[in-house]
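Structure first, commentary second.
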Amino acid sequence: MSNIVQNTMEIKSFNTKKIIDYLRFSIPVTKKEISDSQGLSFATVSNLCNELIKEGILCINSSLNSNGGRIPGLISIMPLAKLTLAINLSQKTEVDIALMNLKNEVILEEKINIFGLLSAELIIQEIYKHSSKMLEKLKIQWSSLFGLGVGVPGIFFKDNRCIINSTNELYENKPLKDMFEDVFGLPTYIENESNLLATAASLYDPEEFKTKNLIYIFIGEGLGTGIITEGNLVTGNSGLGGEINHIPIGENGFQCYCGSNGCIETELTENGFLRKYYGHEMLSKNHDFDLWENFILKVESGDKKATELIKENGKLFGKLISILINIFDPKIIYLGGSTERIFDYLYPSMIEEVMRRSIVNKPHNFSICNSKGYKNLIFQGCVELSINQWVP
């Protein structure tokens with residue numbers, strides 16, 4: 001008997017979630033329209049909507065027509081009914097946090113300076129302090145949050161629940177999920193930043209793409225890839241699926257932190273670009289100067305050395321992308337992160353190399369696009385991560 005009850009509750013929860021997911025990005029609709037679009041009986045939709053209205057997650061607007069007859073009510077989501085605290089840990093000196101509503105909109109965003117905090121424990125405490133102030137400012141209770149979504153510069157290794165292969169040594173081999181939950185007392189969902197970006201990008205695909213097959217390459221202090229194939233995020237058996245940073249196709253033979261030489265991450269990251277342009281010794285002496293901004297200005301001004309480097313790394317991106325295309329056959333590949341402003345300079349040598357190496361000989365079979373506003377996409381990915389695992 002208990003199994004029957006459990007199965008009934010699971011079905012009810014699944015259908016409830018289905019209705020909520022539909023209404024999150026829908027205009028107000030009638031119960032019949034929900035029933036028709038989601039393949040649920042009208043009675044099921046009506047009962048579940050009525051419960052969600054009582055809980056304050058949905059609302060209904062009814063009105064009378066000119067003859068006094070009642071027009072079917074329009075159901076819509078209450079965006080502030082449940083919130084997510086989205087946390088972006090991808091940078092070493094600052095953390096971006098945002099309160100997000102059910103429609104994936106930013107309610108309040110804050111940047112936290114963590115320079116000088118020398119442990120993950122101290123960083124989490126600082127995030128909690130600032131988050132508490134944000135909630136207090138908006139007069140929002142912690143109970144309004146159904147969880148935390150956290151983007152990490154590394155992999156949440158399912159086997160031991162720790163972060164591995166992180167570009168920030170403070171998070172390496174740390175059980176960040178458990179640490180956040182101990183401090184915040186809320187369910188915490190952790191994912192690699194590239195997977196969050198791919199998830200969010202798939203939600204907001206331009207109409208001309210609308211695909212279940214896409215790849216997001218994120219360039220920052222590290223190099224990561226989020227891969228969605230047939231609508232499913234590729235994570236693999238232990239969370240290592242889609243990792244590209246140690247593919248040995250680098251051409252300068254730089255030594256990687258893993259101990260090997262020629263890993264692609266040594267050349268296609270911020271530090272990789274800068275090491276090629278300024279030289280490793282020069283780079284280490286100018287840590288207080290914004291070398292990346294200066295490098296971008298060099299590219300934009302047509303500096304010869306910068307232009308040659310752009311062609312070289314554009315070709316490397318092309319080599320990497322051709323590997324991904326030949327394995328996963330995506331419809332669209334996004335490049336996002338630090339390269340947003342120099343994408344147009346990278347593109348010519350990139351696409352030339354892709355077409356030379358890819359089994360696809362017509363560029364209209366796939367597209368390589370610049371993704372802008374990656375920080376907001378990470379927030380949106382955090383919301384989807386939390387909502388996907390939320391059981392109403």
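As shown in the structure tokens, the chain order sets the letters A, B, ...; within each chain, residues go from 1, and ligands are also counted from 1 in the order they appear.
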
* To do: Pick out the residues sitting within 12 Å of Gln141 in chain A, and hand them over as a list in words; count only C-alpha atoms, and ignore anything fewer than 4 positions along from it in its own chain.
  =>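 Those residues are Leu80, Ala81, Lys82, Leu83, Ser131, Ser132, Lys133, Met134, Leu135, Glu136, Lys137, Leu145 and Phe146 of chain A.
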
Output file for the selection above: N, CA and C atoms, as a PDB file, in the first residue's frame:
```
ATOM      1  N   LEU A  80       7.552  35.846  -7.527  1.00  0.00           N
ATOM      2  CA  LEU A  80       8.259  35.987  -6.252  1.00  0.00           C
ATOM      3  C   LEU A  80       7.875  34.922  -5.231  1.00  0.00           C
ATOM      4  N   ALA A  81       7.047  33.961  -5.661  1.00  0.00           N
ATOM      5  CA  ALA A  81       6.584  32.952  -4.708  1.00  0.00           C
ATOM      6  C   ALA A  81       7.735  32.108  -4.180  1.00  0.00           C
ATOM      7  N   LYS A  82       8.666  31.787  -5.048  1.00  0.00           N
ATOM      8  CA  LYS A  82       9.852  31.033  -4.655  1.00  0.00           C
ATOM      9  C   LYS A  82      11.073  31.652  -5.318  1.00  0.00           C
ATOM     10  N   LEU A  83      12.184  31.683  -4.586  1.00  0.00           N
ATOM     11  CA  LEU A  83      13.389  32.339  -5.087  1.00  0.00           C
ATOM     12  C   LEU A  83      14.586  31.393  -5.034  1.00  0.00           C
ATOM     13  N   SER A 131      24.392  37.728   1.696  1.00  0.00           N
ATOM     14  CA  SER A 131      23.072  37.225   1.317  1.00  0.00           C
ATOM     15  C   SER A 131      22.025  37.614   2.350  1.00  0.00           C
ATOM     16  N   SER A 132      22.385  37.522   3.623  1.00  0.00           N
ATOM     17  CA  SER A 132      21.455  37.895   4.700  1.00  0.00           C
ATOM     18  C   SER A 132      21.059  39.363   4.585  1.00  0.00           C
ATOM     19  N   LYS A 133      22.031  40.208   4.271  1.00  0.00           N
ATOM     20  CA  LYS A 133      21.741  41.635   4.113  1.00  0.00           C
ATOM     21  C   LYS A 133      20.832  41.884   2.916  1.00  0.00           C
ATOM     22  N   MET A 134      21.027  41.130   1.830  1.00  0.00           N
ATOM     23  CA  MET A 134      20.170  41.283   0.655  1.00  0.00           C
ATOM     24  C   MET A 134      18.727  40.926   0.989  1.00  0.00           C
ATOM     25  N   LEU A 135      18.531  39.800   1.682  1.00  0.00           N
ATOM     26  CA  LEU A 135      17.182  39.383   2.061  1.00  0.00           C
ATOM     27  C   LEU A 135      16.538  40.385   3.010  1.00  0.00           C
ATOM     28  N   GLU A 136      17.333  40.874   3.942  1.00  0.00           N
ATOM     29  CA  GLU A 136      16.823  41.861   4.908  1.00  0.00           C
ATOM     30  C   GLU A 136      16.403  43.149   4.191  1.00  0.00           C
ATOM     31  N   LYS A 137      17.207  43.560   3.211  1.00  0.00           N
ATOM     32  CA  LYS A 137      16.901  44.778   2.454  1.00  0.00           C
ATOM     33  C   LYS A 137      15.570  44.654   1.719  1.00  0.00           C
ATOM     34  N   LEU A 145      13.150  30.890  -0.127  1.00  0.00           N
ATOM     35  CA  LEU A 145      14.121  30.280  -1.035  1.00  0.00           C
ATOM     36  C   LEU A 145      13.966  28.767  -1.012  1.00  0.00           C
ATOM     37  N   PHE A 146      13.928  28.160  -2.209  1.00  0.00           N
ATOM     38  CA  PHE A 146      13.912  26.703  -2.206  1.00  0.00           C
ATOM     39  C   PHE A 146      15.296  26.110  -2.420  1.00  0.00           C
TER      40      PHE A 146
END
```

* To do: Would you mind listing what lies within 8 Å of range 260-271 of chain A as a list in words, with only C-alpha atoms counted and same-chain residues fewer than 2 positions away left out?
  =>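 The residues that qualify are Ile219, Gly220, Glu221, Gly222, Leu223, Ile244, Asn245, His246, Ile247, Pro248, Ile249, Gly250, Glu251, Asn252, Gly253, Phe254, Gln255, Cys256, Tyr257, Cys258, Phe273, Leu274, Arg275, Lys276, Trp292, Asn313, Leu316, Phe317 and Ser338 of chain A.
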
* To do: Rank A:Lys210, A:Lys54, A:Lys315, A:Lys103 by their smallest atom-to-atom distance to Leu23 in chain A, using only C-alpha atoms, and report the top residue only.
  =>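 Result for the nearest residue to Leu23 in chain A: A:Lys103.
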
* range 205-281 of chain A: which residues are alpha helix (DSSP H) by DSSP, as a list in words? -> Glu270, Asn271, Gly272, Phe273, Leu274, Arg275, Lys276, Tyr277, Tyr278, His280 and Glu281 of chain A

Would you save the residues from that selection as a compact mmCIF listing (two decimals), in the first residue's frame, using all heavy atoms?
```
# COMPACT_ATOMS: atom_id res chain seq x y z
N GLU A 270 42.48 33.15 -20.46
CA GLU A 270 43.04 34.51 -20.31
C GLU A 270 44.55 34.43 -20.14
O GLU A 270 45.30 35.12 -20.83
CB GLU A 270 42.42 35.21 -19.10
CG GLU A 270 41.11 35.90 -19.37
CD GLU A 270 40.71 36.82 -18.24
OE1 GLU A 270 41.62 37.27 -17.49
OE2 GLU A 270 39.52 37.10 -18.09
N ASN A 271 44.98 33.59 -19.21
CA ASN A 271 46.40 33.50 -18.93
C ASN A 271 47.18 32.94 -20.12
O ASN A 271 48.32 33.32 -20.37
CB ASN A 271 46.64 32.62 -17.70
CG ASN A 271 47.98 32.88 -17.05
OD1 ASN A 271 48.27 34.01 -16.67
ND2 ASN A 271 48.80 31.85 -16.94
N GLY A 272 46.53 32.06 -20.89
CA GLY A 272 47.18 31.51 -22.06
C GLY A 272 47.45 32.56 -23.14
O GLY A 272 48.55 32.63 -23.70
N PHE A 273 46.44 33.39 -23.40
CA PHE A 273 46.61 34.49 -24.33
C PHE A 273 47.73 35.42 -23.86
O PHE A 273 48.60 35.82 -24.63
CB PHE A 273 45.32 35.30 -24.45
CG PHE A 273 44.32 34.76 -25.44
CD1 PHE A 273 43.42 33.77 -25.07
CD2 PHE A 273 44.26 35.25 -26.73
CE1 PHE A 273 42.48 33.29 -25.96
CE2 PHE A 273 43.33 34.79 -27.64
CZ PHE A 273 42.43 33.79 -27.26
N LEU A 274 47.66 35.77 -22.56
CA LEU A 274 48.59 36.76 -22.03
C LEU A 274 50.02 36.24 -21.97
O LEU A 274 50.97 36.99 -22.21
CB LEU A 274 48.13 37.20 -20.63
CG LEU A 274 46.79 37.92 -20.58
CD1 LEU A 274 46.41 38.24 -19.14
CD2 LEU A 274 46.80 39.19 -21.42
N ARG A 275 50.18 34.96 -21.65
CA ARG A 275 51.53 34.39 -21.61
C ARG A 275 52.16 34.43 -23.00
O ARG A 275 53.35 34.69 -23.14
CB ARG A 275 51.47 32.95 -21.09
CG ARG A 275 52.83 32.27 -21.11
CD ARG A 275 52.92 31.12 -20.15
NE ARG A 275 51.91 30.11 -20.34
CZ ARG A 275 51.91 28.94 -19.68
NH1 ARG A 275 52.86 28.68 -18.80
NH2 ARG A 275 50.96 28.06 -19.89
N LYS A 276 51.35 34.19 -24.03
CA LYS A 276 51.88 34.25 -25.40
C LYS A 276 52.24 35.67 -25.80
O LYS A 276 53.21 35.91 -26.53
CB LYS A 276 50.84 33.69 -26.38
CG LYS A 276 50.68 32.18 -26.34
CD LYS A 276 49.68 31.76 -27.42
CE LYS A 276 49.62 30.26 -27.56
NZ LYS A 276 48.74 29.85 -28.66
N TYR A 277 51.46 36.63 -25.33
CA TYR A 277 51.68 38.02 -25.76
C TYR A 277 52.79 38.69 -24.95
O TYR A 277 53.68 39.33 -25.52
CB TYR A 277 50.39 38.83 -25.63
CG TYR A 277 50.52 40.23 -26.21
CD1 TYR A 277 50.43 40.44 -27.58
CD2 TYR A 277 50.77 41.32 -25.38
CE1 TYR A 277 50.56 41.72 -28.12
CE2 TYR A 277 50.92 42.59 -25.91
CZ TYR A 277 50.82 42.79 -27.28
OH TYR A 277 50.96 44.05 -27.81
N TYR A 278 52.74 38.57 -23.63
CA TYR A 278 53.68 39.30 -22.78
C TYR A 278 54.90 38.48 -22.39
O TYR A 278 55.92 39.05 -21.98
CB TYR A 278 52.97 39.75 -21.49
CG TYR A 278 51.91 40.81 -21.72
CD1 TYR A 278 50.57 40.46 -21.72
CD2 TYR A 278 52.25 42.14 -21.93
CE1 TYR A 278 49.58 41.42 -21.91
CE2 TYR A 278 51.28 43.11 -22.13
CZ TYR A 278 49.95 42.74 -22.13
OH TYR A 278 48.97 43.69 -22.33
N HIS A 280 55.93 34.78 -20.11
CA HIS A 280 55.61 34.31 -18.76
C HIS A 280 56.26 35.18 -17.69
O HIS A 280 55.66 35.52 -16.67
CB HIS A 280 56.05 32.86 -18.59
CG HIS A 280 55.60 32.26 -17.31
ND1 HIS A 280 54.29 31.93 -17.06
CD2 HIS A 280 56.29 31.93 -16.17
CE1 HIS A 280 54.17 31.43 -15.84
NE2 HIS A 280 55.37 31.42 -15.28
N GLU A 281 57.50 35.57 -17.90
CA GLU A 281 58.23 36.37 -16.90
C GLU A 281 57.60 37.75 -16.75
O GLU A 281 57.38 38.24 -15.65
CB GLU A 281 59.70 36.50 -17.30
CG GLU A 281 60.54 37.23 -16.27
CD GLU A 281 62.01 37.29 -16.65
OE1 GLU A 281 62.45 36.43 -17.44
OE2 GLU A 281 62.70 38.22 -16.19
```

* **Residues of range 82-326 of chain A in strand (DSSP E or B), written as an MDAnalysis selection string** => chainID A and resid 83:88 94:100 106:113 145:152 155:157 162:164 188:192 214:219 223:229 232:233 255 261

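Between Ala98 in chain A and the candidates A:Ile114, A:Ala86, A:Val234, A:Leu74, the tightest atom-to-atom separation, counting only C-alpha atoms, involves A:Ala86.
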